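With mmCIF, C-alpha atoms inside, this is my_file-v4.cif:
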data_input
loop_
_atom_site.label_atom_id
_atom_site.label_comp_id
_atom_site.auth_asym_id
_atom_site.auth_seq_id
_atom_site.Cartn_x
_atom_site.Cartn_y
_atom_site.Cartn_z
CA MET A 14 147.70 -236.78 151.47
CA ILE A 15 146.49 -238.04 148.12
CA GLN A 16 148.38 -237.22 144.94
CA SER A 17 147.24 -236.96 141.36
CA MET A 18 149.12 -238.93 138.74
CA THR A 19 149.03 -235.88 136.47
CA GLY A 20 152.12 -233.71 136.83
CA TYR A 21 154.91 -231.72 135.20
CA GLY A 22 158.42 -230.78 136.25
CA LYS A 23 161.29 -229.11 134.38
CA THR A 24 164.87 -228.20 135.26
CA VAL A 25 167.43 -226.41 133.07
CA LEU A 26 171.16 -226.83 133.74
CA GLN A 27 173.85 -224.55 132.32
CA LEU A 28 177.14 -226.44 132.09
CA PRO A 29 180.43 -224.96 130.75
CA THR A 30 179.86 -226.09 127.13
CA LYS A 31 176.20 -227.14 126.99
CA LYS A 32 172.71 -226.40 128.24
CA ILE A 33 170.72 -229.41 129.44
CA SER A 34 166.93 -229.36 129.78
CA ILE A 35 165.25 -232.09 131.83
CA GLU A 36 161.47 -232.58 131.60
CA LEU A 37 159.09 -234.95 133.36
CA LYS A 38 155.43 -235.32 132.42
CA SER A 39 153.02 -237.87 133.89
CA LEU A 40 149.46 -239.06 133.30
CA ASN A 41 147.35 -241.74 134.96
CA SER A 42 148.15 -245.43 134.49
CA LYS A 43 147.54 -248.62 136.48
CA ASN A 44 151.28 -249.17 136.85
CA LEU A 45 154.52 -247.28 136.24
CA ASP A 46 155.25 -246.85 132.53
CA VAL A 47 158.37 -244.78 131.80
CA ASN A 48 159.19 -243.52 128.32
CA ALA A 49 162.73 -242.07 128.24
CA ARG A 50 164.11 -239.85 125.47
CA MET A 51 167.75 -238.73 125.56
CA PRO A 52 170.88 -238.48 123.36
CA SER A 53 172.66 -241.78 122.78
CA MET A 54 175.70 -240.82 124.85
CA TYR A 55 173.50 -240.76 127.98
CA ARG A 56 171.89 -244.15 127.39
CA ALA A 57 174.43 -245.79 129.69
CA LYS A 58 172.71 -243.99 132.59
CA GLU A 59 169.16 -244.89 131.56
CA LEU A 60 168.73 -247.62 134.20
CA ASP A 61 169.87 -245.21 136.93
CA ILE A 62 167.41 -242.60 135.68
CA ARG A 63 164.55 -245.12 135.62
CA LYS A 64 165.33 -246.15 139.21
CA LEU A 65 165.20 -242.53 140.36
CA ILE A 66 161.82 -242.06 138.68
CA ALA A 67 160.38 -245.38 139.95
CA THR A 68 161.43 -244.68 143.54
CA ASN A 69 159.76 -241.27 143.66
CA LEU A 70 156.78 -241.42 141.29
CA ARG A 71 155.66 -245.06 141.80
CA ARG A 72 152.73 -245.05 139.33
CA GLY A 73 151.69 -243.29 136.15
CA LYS A 74 152.60 -242.99 132.49
CA VAL A 75 155.79 -240.92 132.73
CA ASP A 76 157.57 -239.20 129.85
CA PHE A 77 161.20 -238.34 130.64
CA SER A 78 163.10 -236.10 128.23
CA LEU A 79 166.70 -234.91 128.32
CA TYR A 80 167.66 -232.29 125.72
CA VAL A 81 171.21 -231.07 125.09
CA GLU A 82 172.14 -227.77 123.43
CA ILE A 83 175.83 -227.16 122.74
CA THR A 84 176.74 -223.62 123.85
CA GLY A 85 180.55 -223.86 123.76
CA GLU A 86 183.18 -224.95 121.28
CA ASP A 87 182.99 -228.57 122.31
CA THR A 88 181.13 -230.80 119.85
CA SER A 89 181.13 -234.54 119.27
CA SER A 90 180.02 -234.28 115.61
CA LYS A 91 182.70 -234.35 112.88
CA ILE A 92 182.52 -234.12 109.09
CA ASN A 93 183.80 -237.28 107.43
CA LYS A 94 185.84 -235.58 104.70
CA THR A 95 186.70 -238.74 102.79
CA VAL A 96 183.08 -239.82 102.56
CA VAL A 97 181.87 -236.30 101.58
CA GLN A 98 184.52 -236.02 98.83
CA GLU A 99 183.52 -239.41 97.44
CA TYR A 100 179.85 -238.36 97.43
CA ILE A 101 180.73 -235.15 95.51
CA LYS A 102 182.73 -237.14 93.00
CA GLN A 103 179.81 -239.51 92.37
CA LEU A 104 177.33 -236.62 92.16
CA LYS A 105 179.45 -234.91 89.49
CA GLU A 106 179.18 -238.07 87.40
CA VAL A 107 175.40 -237.69 87.55
CA VAL A 108 175.03 -233.92 87.17
CA ASP A 109 177.41 -231.06 86.49
CA GLY A 110 176.21 -228.75 89.24
CA ASP A 111 177.51 -225.88 91.34
CA PRO A 112 180.16 -227.15 93.84
CA THR A 113 178.36 -225.47 96.78
CA GLU A 114 175.08 -227.15 95.89
CA LEU A 115 176.84 -230.51 95.49
CA LEU A 116 178.40 -230.05 98.94
CA LYS A 117 174.97 -229.30 100.46
CA MET A 118 173.65 -232.52 98.96
CA ALA A 119 176.66 -234.57 100.05
CA VAL A 120 176.55 -233.62 103.74
CA ARG A 121 172.93 -234.79 103.95
CA LEU A 122 173.83 -238.31 102.80
CA PRO A 123 174.51 -241.21 105.24
CA ASP A 124 177.80 -241.20 107.16
CA ALA A 125 178.74 -237.69 105.96
CA VAL A 126 178.71 -236.56 109.59
CA THR A 127 179.93 -238.87 112.35
CA THR A 128 179.34 -238.56 116.08
CA GLU A 129 182.09 -239.48 118.47
CA ARG A 130 180.66 -241.14 121.53
CA ASP A 131 182.41 -239.98 124.67
CA ASP A 132 182.01 -241.35 128.17
CA ILE A 133 179.94 -239.13 130.45
CA ASP A 134 182.10 -237.05 132.73
CA GLU A 135 181.38 -237.95 136.38
CA GLU A 136 181.03 -234.31 137.35
CA GLU A 137 178.59 -233.74 134.50
CA TRP A 138 176.54 -236.79 135.47
CA GLN A 139 176.37 -235.59 139.08
CA ALA A 140 174.96 -232.27 137.86
CA ILE A 141 172.43 -234.10 135.66
CA GLU A 142 171.40 -236.40 138.52
CA ASN A 143 170.82 -233.37 140.75
CA GLY A 144 168.78 -231.82 137.95
CA ILE A 145 166.64 -234.95 137.64
CA ASN A 146 166.01 -234.95 141.39
CA ASP A 147 164.99 -231.29 141.18
CA ALA A 148 162.56 -232.05 138.33
CA ILE A 149 161.14 -234.94 140.38
CA LEU A 150 160.56 -232.61 143.36
CA LYS A 151 158.68 -230.22 141.05
CA ILE A 152 156.47 -232.91 139.55
CA VAL A 153 155.69 -234.32 143.02
CA ALA A 154 154.71 -230.82 144.20
CA TYR A 155 152.48 -230.49 141.13
CA ARG A 156 150.88 -233.87 141.89
CA LYS A 157 150.19 -232.85 145.49
CA ASP A 158 148.52 -229.61 144.38
CA GLU A 159 146.32 -231.57 141.98
CA GLY A 160 145.65 -234.07 144.77
CA GLN A 161 144.28 -231.31 147.02
CA THR A 162 141.74 -230.42 144.35
CA LEU A 163 140.73 -234.08 143.99
CA LYS A 164 140.48 -234.48 147.75
CA GLN A 165 138.03 -231.59 148.04
CA ASP A 166 135.93 -233.06 145.25
CA PHE A 167 135.86 -236.49 146.93
CA THR A 168 134.99 -234.92 150.31
CA ASP A 169 132.05 -233.04 148.79
CA ARG A 170 130.72 -236.11 146.97
CA ILE A 171 131.02 -238.38 150.03
CA GLU A 172 129.06 -235.78 152.01
CA THR A 173 126.42 -235.77 149.25
CA LEU A 174 126.17 -239.57 149.47
CA LYS A 175 125.64 -239.33 153.24
CA GLN A 176 122.88 -236.78 152.75
CA LEU A 177 121.19 -238.94 150.13
CA LEU A 178 121.39 -241.94 152.47
CA GLU A 179 119.69 -239.92 155.20
CA LYS A 180 116.89 -239.08 152.77
CA VAL A 181 116.58 -242.78 151.93
CA MET A 182 116.15 -243.64 155.60
CA THR A 183 113.69 -240.76 156.11
CA ILE A 184 111.29 -242.15 153.52
CA ASP A 185 111.87 -245.80 154.48
CA PRO A 186 108.92 -246.02 156.95
CA GLU A 187 106.61 -244.74 154.20
CA ARG A 188 107.98 -247.42 151.86
CA ILE A 189 107.41 -250.21 154.39
CA GLU A 190 103.89 -248.97 155.08
CA GLY A 191 103.27 -249.06 151.34
CA VAL A 192 104.43 -252.67 151.17
CA ARG A 193 102.09 -253.61 154.02
CA ALA A 194 99.16 -251.78 152.38
CA ARG A 195 99.70 -253.53 149.04
CA LEU A 196 99.77 -256.94 150.71
CA GLU A 197 96.62 -256.27 152.71
CA LYS A 198 94.85 -254.98 149.59
CA GLY A 199 95.91 -258.08 147.67
CA ILE A 200 94.45 -260.36 150.38
CA ALA A 201 91.22 -258.34 150.52
CA GLU A 202 90.75 -258.69 146.77
CA ILE A 203 91.00 -262.45 147.04
CA LYS A 204 87.95 -262.31 149.36
CA GLU A 205 89.16 -265.22 151.39
CA LYS A 206 89.23 -265.43 155.15
CA VAL A 207 92.78 -265.84 156.42
CA ASP A 208 94.37 -266.70 159.72
CA GLU A 209 95.32 -263.31 161.15
CA ASN A 210 98.30 -264.69 163.08
CA ARG A 211 99.56 -266.58 160.03
CA PHE A 212 99.08 -263.54 157.85
CA GLU A 213 100.99 -261.34 160.33
CA GLN A 214 103.90 -263.82 160.39
CA GLU A 215 104.07 -263.91 156.59
CA LEU A 216 103.83 -260.13 156.50
CA VAL A 217 106.76 -259.73 158.90
CA TYR A 218 108.83 -262.25 156.89
CA TYR A 219 108.04 -260.44 153.63
CA ILE A 220 108.83 -257.00 155.03
CA GLU A 221 112.14 -258.27 156.50
CA LYS A 222 113.21 -259.24 152.98
CA PHE A 223 112.90 -255.57 152.04
CA ASP A 224 114.60 -254.26 155.17
CA ILE A 225 117.69 -252.12 154.37
CA THR A 226 118.93 -251.43 157.90
CA GLU A 227 122.04 -253.60 157.49
CA GLU A 228 122.85 -252.03 154.12
CA LYS A 229 122.51 -248.57 155.67
CA VAL A 230 124.93 -249.43 158.50
CA ARG A 231 127.49 -250.97 156.13
CA LEU A 232 127.21 -248.07 153.69
CA GLU A 233 127.77 -245.54 156.48
CA ASN A 234 130.84 -247.50 157.59
CA HIS A 235 132.23 -247.61 154.03
CA LEU A 236 131.70 -243.86 153.58
CA ASP A 237 133.49 -243.14 156.86
CA TYR A 238 136.31 -245.53 155.87
CA PHE A 239 136.69 -243.74 152.54
CA SER A 240 137.00 -240.38 154.34
CA SER A 241 139.52 -241.85 156.76
CA ALA A 242 141.66 -243.30 153.95
CA LEU A 243 141.39 -239.98 152.10
CA ASN A 244 142.96 -238.17 155.06
CA SER A 245 145.75 -240.69 155.70
CA ASP A 246 149.42 -239.80 155.19
CA ASP A 247 149.81 -242.09 152.17
CA SER A 248 148.27 -241.64 148.74
CA ASN A 249 146.61 -244.93 147.83
CA GLY A 250 144.27 -244.68 144.88
CA LYS A 251 143.93 -248.46 144.63
CA LYS A 252 142.70 -248.72 148.23
CA LEU A 253 140.17 -245.95 147.66
CA GLY A 254 139.08 -247.79 144.53
CA PHE A 255 138.41 -250.98 146.52
CA ILE A 256 136.37 -249.04 149.10
CA SER A 257 134.33 -247.41 146.33
CA GLN A 258 133.49 -250.89 145.01
CA GLU A 259 132.10 -251.83 148.43
CA ILE A 260 130.10 -248.59 148.52
CA GLY A 261 128.66 -249.51 145.12
CA ARG A 262 127.59 -252.97 146.31
CA GLU A 263 125.57 -251.54 149.20
CA ILE A 264 123.94 -248.89 147.00
CA ASN A 265 122.98 -251.57 144.45
CA THR A 266 121.48 -253.77 147.17
CA ILE A 267 119.41 -250.86 148.51
CA GLY A 268 118.22 -250.22 144.95
CA SER A 269 117.21 -253.84 144.40
CA LYS A 270 115.25 -253.89 147.67
CA ALA A 271 113.68 -250.47 147.30
CA ASN A 272 110.52 -251.36 145.32
CA PHE A 273 109.51 -247.73 145.90
CA ALA A 274 109.85 -245.04 143.21
CA PRO A 275 110.97 -242.12 145.45
CA MET A 276 113.70 -244.30 147.01
CA GLN A 277 114.83 -245.59 143.61
CA LYS A 278 115.27 -242.00 142.42
CA LEU A 279 117.57 -241.33 145.38
CA VAL A 280 119.51 -244.52 144.60
CA VAL A 281 120.04 -243.31 141.01
CA GLN A 282 121.47 -240.04 142.38
CA MET A 283 123.78 -242.02 144.69
CA LYS A 284 125.00 -244.13 141.78
CA ASP A 285 125.68 -240.98 139.75
CA GLU A 286 127.79 -239.47 142.55
CA LEU A 287 129.69 -242.71 143.03
CA GLU A 288 130.41 -242.99 139.29
CA LYS A 289 131.98 -239.52 139.35
CA ILE A 290 134.13 -240.58 142.31
CA LYS A 291 135.30 -243.68 140.43
CA GLU A 292 136.21 -241.62 137.37
CA GLN A 293 138.35 -239.28 139.45
CA LEU A 294 139.96 -242.17 141.35
CA LEU A 295 141.56 -243.34 138.09
CA ASN A 296 143.87 -240.34 138.41
CA VAL A 297 144.85 -240.86 142.07
CA LEU A 298 148.31 -242.25 142.81
#

Conversion result in structure tokens:
Amino acid sequence: MIQSMTGYGKTVLQLPTKKISIELKSLNSKNLDVNARMPSMYRAKELDIRKLIATNLRRGKVDFSLYVEITGEDTSSKINKTVVQEYIKQLKEVVDGDPTELLKMAVRLPDAVTTERDDIDEEEWQAIENGINDAILKIVAYRKDEGQTLKQDFTDRIETLKQLLEKVMTIDPERIEGVRARLEKGIAEIKEKVDENRFEQELVYYIEKFDITEEKVRLENHLDYFSSALNSDDSNGKKLGFISQEIGREINTIGSKANFAPMQKLVVQMKDELEKIKEQLLNVL
């Protein structure tokens, strides 16, 4: 089952003295690119968090956010009274203002408030780790839902390519007959007698250069292979991308050999469908 690289997952934990919100957002990227935002006291666990994300999400530009809201009496921030009093003293030397206003100014200055860095409680970390795993499950479910939409789009476009290929092969005899007629007309205009056997041999050789039977067979195989890979258990956007490149090569070769306006119009439609497939593949895991 294919997965999109676009996803979102959120989990909210209510601990005894704090509420913790965990968010995961992802967009498409060639590789895994994790941007982690969290309070400094949790930085010691950043490598563990990145491993959890890498193991489960594999590819994509992932934004991880951990927000903490204190809901109890516990707080790690303390007013540095000595520093604040010194600030007020210096401010009074500059301006004789209201003490309350001077205090408001002082607490905004550097080092007026200090944060005590505590070690993460093991029980708290276990709860956070479970929350991260829950958010990962949600973002994976989101990716799978998006993947189903992409899969249907790919299925429809592959079917359209098959139908266009059938139209190409339907008009192919008319194209070949046109090539033969143009060659015979060109010889007639020269008004020279030619060896009929020699002319027939050259005609066969020339027409074989425009034959697209092999390209048709290979293109059909590539389209079937794409559908097979699309329905496999794994999501492999890179593999589907490689197959789409092979599909493009065969379509281009048919276009270069066409030399027939109705067939070239069909080739343009095939290229348009394939380009839309390639655009969507950029978002497949």

Among the residues A:Ala242, A:Ala57, A:Leu70, A:Met283, the one that comes closest to Thr168 in chain A [using all atoms listed in the file]: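 For Thr168 in chain A, the nearest of the candidates is A:Ala242.
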
Long-range neighbours of Ile260 in chain A as a VMD selection string, 10 Å cut-off, only C-alpha atoms, 3 positions minimum in chain: chain A and resid 174 228 231 to 236 239 254 to 257 263 to 265 283 to 284 287

Output file for the residues above (C-alpha atoms, as an mmCIF file, keeping the file's coordinate frame):
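Output file result_28.cif is given in full below:
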data_model
loop_
_atom_site.group_PDB
_atom_site.id
_atom_site.type_symbol
_atom_site.label_atom_id
_atom_site.label_comp_id
_atom_site.auth_asym_id
_atom_site.auth_seq_id
_atom_site.Cartn_x
_atom_site.Cartn_y
_atom_site.Cartn_z
ATOM 1 C CA LEU A 174 126.170 -239.570 149.470
ATOM 2 C CA GLU A 228 122.850 -252.030 154.120
ATOM 3 C CA ARG A 231 127.490 -250.970 156.130
ATOM 4 C CA LEU A 232 127.210 -248.070 153.690
ATOM 5 C CA GLU A 233 127.770 -245.540 156.480
ATOM 6 C CA ASN A 234 130.840 -247.500 157.590
ATOM 7 C CA HIS A 235 132.230 -247.610 154.030
ATOM 8 C CA LEU A 236 131.700 -243.860 153.580
ATOM 9 C CA PHE A 239 136.690 -243.740 152.540
ATOM 10 C CA GLY A 254 139.080 -247.790 144.530
ATOM 11 C CA PHE A 255 138.410 -250.980 146.520
ATOM 12 C CA ILE A 256 136.370 -249.040 149.100
ATOM 13 C CA SER A 257 134.330 -247.410 146.330
ATOM 14 C CA GLU A 263 125.570 -251.540 149.200
ATOM 15 C CA ILE A 264 123.940 -248.890 147.000
ATOM 16 C CA ASN A 265 122.980 -251.570 144.450
ATOM 17 C CA MET A 283 123.780 -242.020 144.690
ATOM 18 C CA LYS A 284 125.000 -244.130 141.780
ATOM 19 C CA LEU A 287 129.690 -242.710 143.030
#

Would you kindly return, as a list in words, each protein, DNA or RNA residue with an atom no farther than 7 Å from any atom of Thr24 in chain A, considering all atoms listed in the file and excluding same-chain residues fewer than 6 positions away? Ser34, Ile35, Glu36, Gly144, Asp147 and Ala148 of chain A

Which neighbours of Asp76 in chain A fall inside 10 Å, counting only C-alpha atoms, when residues of the same chain fewer than 3 positions from it are skipped, and could you give them as a list in words?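 Answer for this query is Tyr21, Glu36, Leu37, Lys38, Ser39, Leu40, Asp46, Val47, Asn48, Ala49, Arg50 and Gly73 of chain A.
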
When distances are computed from only C-alpha atoms, which of A:Asn146, A:Ser17, A:Thr84, A:Gln161 shows the smallest separation from Asn69 in chain A?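 That would be A:Asn146, the residue with the smallest distance to Asn69 in chain A.
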
Residue nearest Lys229 in chain A among A:Lys278, A:Arg262, A:Arg121, A:Lys31 (counting only C-alpha atoms):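 The closest residue to Lys229 in chain A is A:Arg262.
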
Residue members of the PyMOL selection byres ((chain A and resi 125) around 12) in the file shown, as a PyMOL selection string: chain A and resi 90-101+116-124+126-128

Selected residue of minimal separation from Asp285 in chain A among A:Arg170, A:Glu197, A:Lys252, A:Met14, counting only C-alpha atoms: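 Among the listed residues, A:Arg170 lies closest to Asp285 in chain A.
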
Between A:Ile149, A:Ile171, A:Leu298, A:Met51, single out the one closest to Ser240 in chain A, counting all atoms listed in the file. A:Ile171

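Taking all atoms listed in the file into account, Gln282 in chain A lies nearest to A:Val181 out of the set A:Val81, A:Val181, A:Ile220, A:Leu243.
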
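Our summary of the geometry notes that CA of Glu227 in chain A is positioned 20.6 Å from CA of Ala274 in chain A.
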
Can you work out the spacing between CA of Phe223 in chain A and CA of Ala271 in chain A in Å, to one decimal?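 Here the two named atoms are 7.0 Å from each other.
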
Any idea what the distance is between CA of Leu294 in chain A and CA of Gly250 in chain A? 6.1 Å

Once the PyMOL selection byres ((chain A and resi 183-192) around 8) has been evaluated on this model, what residues remain selected, and can you format them as number ranges by chain? A: 179-182, 193-196, 220, 271, 273, 276

Any idea what's packed within 12 Å of Thr19 in chain A, counting only C-alpha atoms, ignoring anything in its chain fewer than 6 positions away? Could you give it as a PyMOL selection string? chain A and resi 37-42+70+72-76+152-160+163+293+295-298
